[in-house]
>>> print(open('protein14.cif').read())   # mmCIF, C-alpha atoms (C1' of nucleotides)
data_target
loop_
_atom_site.label_atom_id
_atom_site.label_comp_id
_atom_site.auth_asym_id
_atom_site.auth_seq_id
_atom_site.Cartn_x
_atom_site.Cartn_y
_atom_site.Cartn_z
CA MET V 1 97.69 97.22 100.80
CA PRO V 2 96.44 98.69 104.01
CA GLU V 3 99.41 99.66 106.18
CA LEU V 4 99.53 101.91 109.23
CA PRO V 5 98.28 105.15 107.56
CA GLU V 6 95.40 103.34 105.86
CA VAL V 7 94.32 101.45 108.99
CA GLU V 8 94.58 104.62 111.08
CA THR V 9 92.44 106.50 108.55
CA ILE V 10 89.75 103.81 108.85
CA ARG V 11 89.99 103.93 112.65
CA ARG V 12 89.52 107.70 112.81
CA ASP V 13 86.53 107.54 110.46
CA LEU V 14 84.85 104.65 112.27
CA LEU V 15 85.27 105.79 115.88
CA PRO V 16 82.55 108.50 115.92
CA LEU V 17 80.22 106.32 113.82
CA LEU V 18 80.52 103.19 115.93
CA ARG V 19 81.11 104.32 119.51
CA GLY V 20 78.04 103.33 121.53
CA ARG V 21 76.62 101.06 118.83
CA ALA V 22 75.84 97.40 119.49
CA PHE V 23 76.08 94.44 117.13
CA THR V 24 72.75 92.76 116.35
CA HIS V 25 73.63 89.85 114.10
CA VAL V 26 76.52 88.35 112.23
CA TRP V 27 76.98 86.54 108.94
CA VAL V 28 80.22 84.91 107.84
CA SER V 29 80.58 83.46 104.35
CA PRO V 30 81.06 79.68 104.31
CA ASP V 31 83.35 80.45 101.36
CA ALA V 32 85.91 82.12 103.68
CA PRO V 33 86.96 79.38 106.10
CA ARG V 34 90.12 81.20 107.28
CA LEU V 35 88.47 84.55 107.99
CA VAL V 36 87.50 83.93 111.63
CA GLN V 37 90.68 82.82 113.40
CA ALA V 38 89.20 82.57 116.89
CA PRO V 39 86.93 81.40 118.37
CA SER V 40 85.03 78.95 116.13
CA PRO V 41 82.87 80.66 113.49
CA ALA V 42 79.79 79.43 115.37
CA ASP V 43 80.96 80.93 118.67
CA PHE V 44 82.00 84.12 116.87
CA ALA V 45 78.47 84.57 115.48
CA ARG V 46 76.95 83.68 118.87
CA LEU V 47 79.17 85.88 121.08
CA LEU V 48 79.18 89.11 119.06
CA PRO V 49 75.46 90.07 118.98
CA GLY V 50 74.50 92.27 121.92
CA ARG V 51 78.03 93.59 122.45
CA ARG V 52 78.37 97.36 122.55
CA ILE V 53 81.38 99.13 121.02
CA GLY V 54 83.42 101.37 123.30
CA ASP V 55 86.75 102.49 121.92
CA VAL V 56 88.16 101.71 118.48
CA SER V 57 91.96 101.61 118.60
CA ARG V 58 94.81 100.44 116.40
CA ARG V 59 97.95 98.41 116.99
CA GLY V 60 100.25 98.15 113.97
CA LYS V 61 97.98 97.14 111.12
CA PHE V 62 95.29 95.71 113.45
CA LEU V 63 92.02 97.46 114.20
CA VAL V 64 90.86 96.80 117.77
CA PHE V 65 87.19 97.16 118.78
CA HIS V 66 86.75 97.33 122.55
CA LEU V 67 83.44 95.60 123.33
CA SER V 68 81.18 95.35 126.35
CA GLY V 69 81.68 92.27 128.48
CA GLY V 70 85.46 92.55 128.15
CA LEU V 71 85.80 91.19 124.64
CA TYR V 72 87.98 92.54 121.82
CA LEU V 73 87.24 92.26 118.12
CA LEU V 74 90.49 92.32 116.14
CA VAL V 75 90.48 93.00 112.39
CA HIS V 76 93.44 92.56 110.02
CA LEU V 77 92.88 93.59 106.39
CA ARG V 78 96.06 91.96 105.05
CA MET V 79 96.29 92.47 101.25
CA THR V 80 92.88 93.32 99.86
CA GLY V 81 90.61 93.61 102.88
CA ALA V 82 88.26 96.55 103.38
CA LEU V 83 86.02 97.31 106.33
CA LEU V 84 83.05 99.15 104.85
CA HIS V 85 80.50 100.96 106.99
CA ARG V 86 77.25 101.07 105.03
CA PRO V 87 73.87 102.57 105.94
CA SER V 88 70.70 100.52 106.04
CA GLY V 89 69.69 99.36 102.56
CA ALA V 90 72.96 100.34 100.85
CA PRO V 91 73.63 98.60 97.52
CA PRO V 92 75.73 95.44 97.66
CA ASP V 93 79.56 95.50 97.65
CA ARG V 94 81.83 93.01 95.88
CA TYR V 95 83.75 90.26 97.70
CA VAL V 96 81.89 90.64 101.01
CA ARG V 97 83.02 87.78 103.28
CA ALA V 98 81.29 88.84 106.51
CA VAL V 99 78.57 91.24 107.61
CA LEU V 100 78.34 92.61 111.15
CA ALA V 101 74.96 94.31 111.56
CA LEU V 102 74.54 97.18 114.05
CA ASP V 103 71.61 98.40 116.13
CA ASP V 104 71.12 101.60 114.08
CA GLY V 105 70.46 99.59 110.92
CA SER V 106 73.93 100.19 109.48
CA GLU V 107 76.39 97.39 108.93
CA LEU V 108 80.09 96.69 108.79
CA ARG V 109 80.96 94.68 105.69
CA PHE V 110 84.27 92.85 105.51
CA SER V 111 85.15 92.78 101.82
CA ASP V 112 88.25 90.85 100.74
CA LEU V 113 89.05 89.71 97.22
CA ARG V 114 91.99 87.49 98.14
CA LYS V 115 90.65 86.14 101.43
CA PHE V 116 93.85 86.81 103.40
CA GLY V 117 92.09 89.02 105.95
CA ALA V 118 91.36 87.78 109.45
CA LEU V 119 89.08 88.40 112.44
CA TRP V 120 89.45 87.45 116.10
CA LEU V 121 87.05 87.80 119.04
CA LEU V 122 89.02 87.42 122.25
CA PRO V 123 88.85 88.24 125.96
CA ASP V 124 92.57 89.05 125.83
CA PRO V 125 94.15 90.36 122.61
CA SER V 126 97.74 89.90 123.75
CA PRO V 127 98.30 86.48 122.14
CA VAL V 128 97.72 88.19 118.79
CA LEU V 129 99.09 91.69 119.47
CA GLY V 130 101.75 90.86 122.02
CA ARG V 131 104.51 90.08 119.53
CA LEU V 132 104.26 93.38 117.69
CA GLY V 133 107.14 95.81 117.89
CA PRO V 134 106.82 99.46 118.92
CA GLU V 135 104.50 101.98 117.25
CA PRO V 136 106.36 104.36 114.95
CA LEU V 137 103.99 107.34 115.35
CA ASP V 138 103.29 107.55 119.07
CA GLY V 139 106.84 107.80 120.37
CA GLY V 140 107.15 104.06 121.00
CA LEU V 141 109.86 103.69 118.37
CA THR V 142 112.79 105.76 119.57
CA PRO V 143 116.05 106.24 117.65
CA SER V 144 117.92 104.21 120.27
CA LEU V 145 115.40 101.37 120.03
CA LEU V 146 115.80 101.33 116.24
CA ARG V 147 119.58 101.32 116.67
CA GLU V 148 119.39 98.27 118.96
CA LEU V 149 117.08 96.53 116.48
CA THR V 150 119.32 97.11 113.49
CA ALA V 151 122.59 96.43 115.32
CA ARG V 152 121.85 92.75 115.94
CA ARG V 153 120.44 91.87 112.53
CA ARG V 154 122.42 91.15 109.40
CA ALA V 155 119.32 90.82 107.20
CA PRO V 156 118.65 93.58 104.64
CA ILE V 157 117.28 96.72 106.27
CA LYS V 158 114.16 96.41 104.11
CA SER V 159 113.41 93.00 105.69
CA VAL V 160 113.76 94.46 109.17
CA LEU V 161 111.35 97.31 108.33
CA LEU V 162 108.78 94.76 107.13
CA ASP V 163 109.17 92.61 110.27
CA GLN V 164 106.19 93.45 112.48
CA ARG V 165 108.05 92.12 115.54
CA ALA V 166 110.73 94.76 114.99
CA LEU V 167 108.38 97.71 114.48
CA ALA V 168 104.64 97.64 113.81
CA GLY V 169 102.77 99.08 110.87
CA LEU V 170 105.14 99.37 107.89
CA GLY V 171 104.40 97.40 104.73
CA ASN V 172 105.96 97.36 101.29
CA ILE V 173 104.89 100.88 100.27
CA TYR V 174 106.14 102.77 103.32
CA ALA V 175 109.25 100.65 103.82
CA ASP V 176 110.38 101.63 100.31
CA GLU V 177 109.37 105.26 100.82
CA ALA V 178 111.14 105.50 104.19
CA LEU V 179 114.37 104.01 102.77
CA PHE V 180 114.30 106.54 99.92
CA ALA V 181 113.63 109.40 102.33
CA ALA V 182 116.61 108.23 104.41
CA GLY V 183 118.85 107.71 101.37
CA LEU V 184 119.45 104.05 102.23
CA HIS V 185 119.71 101.11 99.81
CA PRO V 186 117.09 98.44 100.67
CA GLN V 187 119.68 95.63 100.60
CA ARG V 188 122.09 97.24 103.05
CA PRO V 189 122.61 94.83 105.96
CA ALA V 190 120.76 96.34 108.91
CA SER V 191 123.83 96.00 111.13
CA SER V 192 125.92 98.05 108.66
CA LEU V 193 123.95 101.24 109.33
CA SER V 194 125.83 103.96 111.17
CA VAL V 195 124.28 105.78 114.10
CA SER V 196 123.51 108.82 111.95
CA GLU V 197 121.98 106.61 109.25
CA VAL V 198 119.70 104.99 111.83
CA GLU V 199 118.70 108.44 113.06
CA ARG V 200 117.94 109.48 109.49
CA LEU V 201 115.84 106.35 109.02
CA HIS V 202 113.91 106.99 112.22
CA GLU V 203 113.14 110.52 111.10
CA ALA V 204 112.20 109.29 107.60
CA ILE V 205 109.75 106.67 108.94
CA GLY V 206 107.89 109.31 110.93
CA ARG V 207 107.76 111.79 108.08
CA VAL V 208 106.65 109.25 105.49
CA LEU V 209 103.86 107.86 107.67
CA THR V 210 102.65 111.32 108.67
CA ALA V 211 102.56 112.50 105.04
CA ALA V 212 100.57 109.38 104.04
CA LEU V 213 98.16 109.90 106.92
CA ASP V 214 97.60 113.50 105.75
CA ASP V 215 96.65 112.03 102.35
CA ARG V 216 94.26 109.45 103.91
CA GLY V 217 96.51 106.61 102.75
CA ALA V 218 97.57 105.26 99.36
CA SER V 219 95.26 103.39 96.95
CA PHE V 220 97.46 101.44 94.55
CA SER V 221 95.09 98.59 93.92
CA ASP V 222 92.40 97.74 96.39
CA TYR V 223 92.62 100.03 99.41
CA VAL V 224 89.51 102.07 100.22
CA ASP V 225 88.46 103.65 103.51
CA ALA V 226 85.37 102.73 105.53
CA SER V 227 83.19 104.73 103.12
CA GLY V 228 84.70 103.04 100.06
CA ARG V 229 86.77 106.09 99.04
CA GLU V 230 90.37 105.96 97.83
CA GLY V 231 93.31 107.72 99.46
CA ARG V 232 95.53 110.24 97.68
CA HIS V 233 99.05 109.28 98.65
CA GLN V 234 99.59 107.07 95.55
CA PHE V 235 100.04 110.36 93.66
CA ARG V 236 102.81 111.52 96.00
CA VAL V 237 105.09 108.50 96.39
CA GLN V 238 108.74 108.95 95.45
CA VAL V 239 109.69 105.38 94.47
CA PHE V 240 106.98 102.78 95.09
CA ARG V 241 105.92 101.20 91.75
CA ARG V 242 107.81 103.90 89.81
CA THR V 243 110.24 101.41 88.20
CA GLY V 244 111.85 102.96 85.12
CA GLU V 245 110.53 106.45 85.83
CA PRO V 246 112.89 109.31 86.74
CA CYS V 247 113.74 110.05 90.36
CA TYR V 248 112.13 113.33 91.37
CA VAL V 249 115.35 114.38 93.10
CA CYS V 250 118.11 113.41 90.65
CA GLY V 251 116.40 112.17 87.47
CA ARG V 252 117.93 108.66 87.59
CA GLU V 253 115.61 105.77 86.68
CA ILE V 254 113.98 104.13 89.67
CA ALA V 255 115.17 100.51 89.96
CA ARG V 256 113.49 97.41 91.38
CA VAL V 257 114.98 94.43 93.21
CA LYS V 258 113.48 91.58 95.21
CA VAL V 259 114.12 91.74 98.95
CA ALA V 260 112.44 89.36 101.39
CA GLY V 261 110.30 88.13 98.50
CA ARG V 262 108.89 91.61 97.93
CA SER V 263 109.48 94.12 95.15
CA SER V 264 111.69 96.91 96.43
CA HIS V 265 111.85 100.20 94.56
CA PHE V 266 114.74 102.61 94.98
CA CYS V 267 116.86 105.28 93.29
CA PRO V 268 120.36 103.89 92.58
CA ARG V 269 121.90 107.37 92.90
CA CYS V 270 120.07 108.68 95.97
CA GLN V 271 120.29 105.29 97.74
CA PRO V 272 123.84 104.01 97.10
CA GLU V 273 124.83 100.40 97.94
CA GLY V 274 127.67 101.21 100.28
CA ARG V 275 127.93 103.36 103.36
CA GLY V 276 128.34 107.03 102.80
CA GLU V 277 126.68 110.13 101.43
CA GLY V 278 122.95 109.96 100.99
CA GLY V 279 120.84 112.28 103.05
CA LEU V 280 117.32 112.92 104.14
CA ARG V 281 115.08 113.21 101.10
CA GLN V 282 111.91 115.15 100.68
CA VAL V 283 108.60 113.49 101.44
CA GLY V 284 105.40 113.97 99.48
CA GLY V 285 106.51 115.08 96.05
CA LEU V 286 108.31 118.00 94.57
CA PRO V 287 106.94 121.45 93.84
CA ARG V 288 104.82 121.26 90.69
CA ALA V 289 107.25 123.11 88.41
CA ARG V 290 110.22 120.91 89.18
CA ARG V 291 108.19 117.72 88.95
CA ASP V 292 106.86 118.69 85.51
CA ALA V 293 110.41 119.32 84.38
CA LEU V 294 111.47 115.79 85.31
CA VAL V 295 108.48 113.68 84.43
CA THR V 296 108.38 112.87 80.74
CA LYS V 297 104.94 111.31 80.64
CA PRO V 298 101.89 111.86 82.81
CA ASN V 299 102.49 110.13 86.10
CA GLU V 300 99.13 108.79 87.13
CA VAL V 301 98.74 105.53 89.05
CA SER V 302 101.65 103.83 87.36
CA GLN V 303 101.55 100.03 86.92
"C1'" DC A 1 117.87 82.65 118.31
"C1'" DT A 2 118.50 83.95 113.06
"C1'" DT A 3 117.34 84.20 107.86
"C1'" DA A 4 115.28 82.45 103.54
"C1'" DT A 5 111.56 80.19 101.18
"C1'" DT A 6 106.84 78.52 100.33
"C1'" DC A 7 102.13 79.02 100.66
"C1'" DC A 8 97.59 81.05 100.77
"C1'" DC A 9 94.19 83.61 97.13
"C1'" DT A 10 92.30 85.65 92.75
"C1'" DG A 11 92.20 89.39 89.31
"C1'" DA A 12 95.43 91.78 86.27
"C1'" DT A 13 99.20 91.54 83.34
"C1'" DT A 14 102.50 89.38 80.36
"C1'" DG A 15 104.20 86.13 76.86
"C1'" DC A 16 103.75 83.26 73.09
"C1'" DT P 1 92.96 87.20 69.45
"C1'" DG P 2 93.22 83.51 73.06
"C1'" DC P 3 94.89 81.05 76.62
"C1'" DA P 4 98.37 79.75 80.02
"C1'" DA P 5 101.87 81.33 82.97
"C1'" DT P 6 103.33 84.81 85.97
"C1'" DC P 7 102.77 88.52 89.18
"C1'" DA P 8 101.19 91.09 93.31
"C1'" DG P 9 101.99 90.87 98.66
"C1'" DG P 10 101.03 90.31 104.68
"C1'" DG P 11 102.06 87.09 107.47
"C1'" DA P 12 102.08 82.10 109.04
"C1'" DA P 13 104.46 77.96 108.51
"C1'" DT P 14 108.42 75.58 107.44
"C1'" DA P 15 113.26 74.67 106.45
"C1'" DA P 16 117.95 75.23 107.41
#
>>> encode(input="protein14.cif", output="structure tokens")
Amino acid sequence: MPELPEVETIRRDLLPLLRGRAFTHVWVSPDAPRLVQAPSPADFARLLPGRRIGDVSRRGKFLVFHLSGGLYLLVHLRMTGALLHRPSGAPPDRYVRAVLALDDGSELRFSDLRKFGALWLLPDPSPVLGRLGPEPLDGGLTPSLLRELTARRRAPIKSVLLDQRALAGLGNIYADEALFAAGLHPQRPASSLSVSEVERLHEAIGRVLTAALDDRGASFSDYVDASGREGRHQFRVQVFRRTGEPCYVCGREIARVKVAGRSSHFCPRCQPEGRGEGGLRQVGGLPRARRDALVTKPNEVSQ
DNA sequence: CTTATTCCCTGATTGC
DNA sequence: TGCAATCAGGGAATAA
């Protein structure tokens, strides 16, 4: 599931490859009727060729291509999308729903098994991006902003972290990891968090996302970068998809509950239900010796 | 305004 | 072993 660290990894890889390039032609699979959200697929294929790429930026989980003539190409990978940059004549990829050919012979292939991904070509991206909350990694999400957000919502804190209008870029992996790092139970009502708990959560979000970015993202099922390579952070998560395995900090079995329709993984001892103890947890795995002592069976990509 | 639920989609996993 | 049911989840739509 591409979340902020995965999308940012793709952005950083693509920028030097694509800056200055122009699109030459476009193909969109008739089998993916929801892929192009705006304008019509016909106008999309007509308006894109000839446009030159300036900047490539990111907002939340959206990739934003700044094009000549004042247009913006927005890309959202949703669940299983990948944006592959392939050289001329590269072998075919699976599940390719659109191909955007470039003037150096290379092409961008939008691959997407589950067809949830989406593209937009717009003169003004704000109708799509305007409702997103602040960015957690560029100083946009301050502790006081997070406190205001949580104070007026009684929904579980996990739901608030997943709400892109509250803050932009977290998905199921990093919401679970941030709550563990902050020592907070995912079902705690957001408004029940104390000021120091909110500060811990703010700190945890930044640390978790930065650690994942250092690892070029997490590949649990389908995520690959623009070259088709997997990230490494799936080997360093503390709770996500570790149900039944021992907590690296205390040894308790990681539990799973449904929150906001999503699986939520947590340590019942490190993330107690009520207010109280809990503290900032380590991010990115334990030292090798201690981890080996706790893990009973090899902990590869579990589940 | 809020929160909870359903739906989209298809390959992998689970259950009988 | 085989086949059907269930699961996974980002976000839009819908319900309450």
>>> atom_distance(input="protein14.cif", atom1="CA of Val96 in chain V", atom2="CA of Ala38 in chain V")
19.3 Å
>>> atom_distance(input="protein14.cif", atom1="CA of Leu71 in chain V", atom2="CA of Val128 in chain V")
13.6 Å
>>> resolve_selection(input="protein14.cif", expression="the PyMOL selection byres ((chain A) within 7 of (chain V))", output="MDAnalysis selection string")
chainID A and resid 3 9:10
>>> closest_residue(input="protein14.cif", among="V:Leu63, V:Ile173, V:Val36, V:Ala42", to="chain P", atoms="only C-alpha atoms (C1' of nucleotides)")
V:Ile173
>>> residues_around(input="protein14.cif", residues="His76 in chain V", least_positions_apart="3", cutoff="8 Å", atoms="only C-alpha atoms (C1' of nucleotides)", output="MDAnalysis selection string")
chainID V and resid 61:63 81 117:119
>>> residues_around(input="protein14.cif", residues="range 4-13 of chain P", least_positions_apart="2", cutoff="9 Å", atoms="all atoms listed in the file", output="VMD selection string")
(chain V and resid 1 77 to 79 116 171 to 172 261 to 263) or (chain A and resid 6 to 7 12 to 15)
>>> atom_distance(input="protein14.cif", atom1="CA of Leu209 in chain V", atom2="CA of Tyr174 in chain V")
7.1 Å
>>> resolve_selection(input="protein14.cif", expression="the PyMOL selection byres ((chain V and resi 238) around 7)", output="tab-separated table (two decimals) with C-alpha atoms, in the coordinates of the input")
chain	number	residue	atom	x	y	z
V	177	GLU	CA	109.37	105.26	100.82
V	236	ARG	CA	102.81	111.52	96.00
V	237	VAL	CA	105.09	108.50	96.39
V	239	VAL	CA	109.69	105.38	94.47
V	240	PHE	CA	106.98	102.78	95.09
V	248	TYR	CA	112.13	113.33	91.37
V	285	GLY	CA	106.51	115.08	96.05
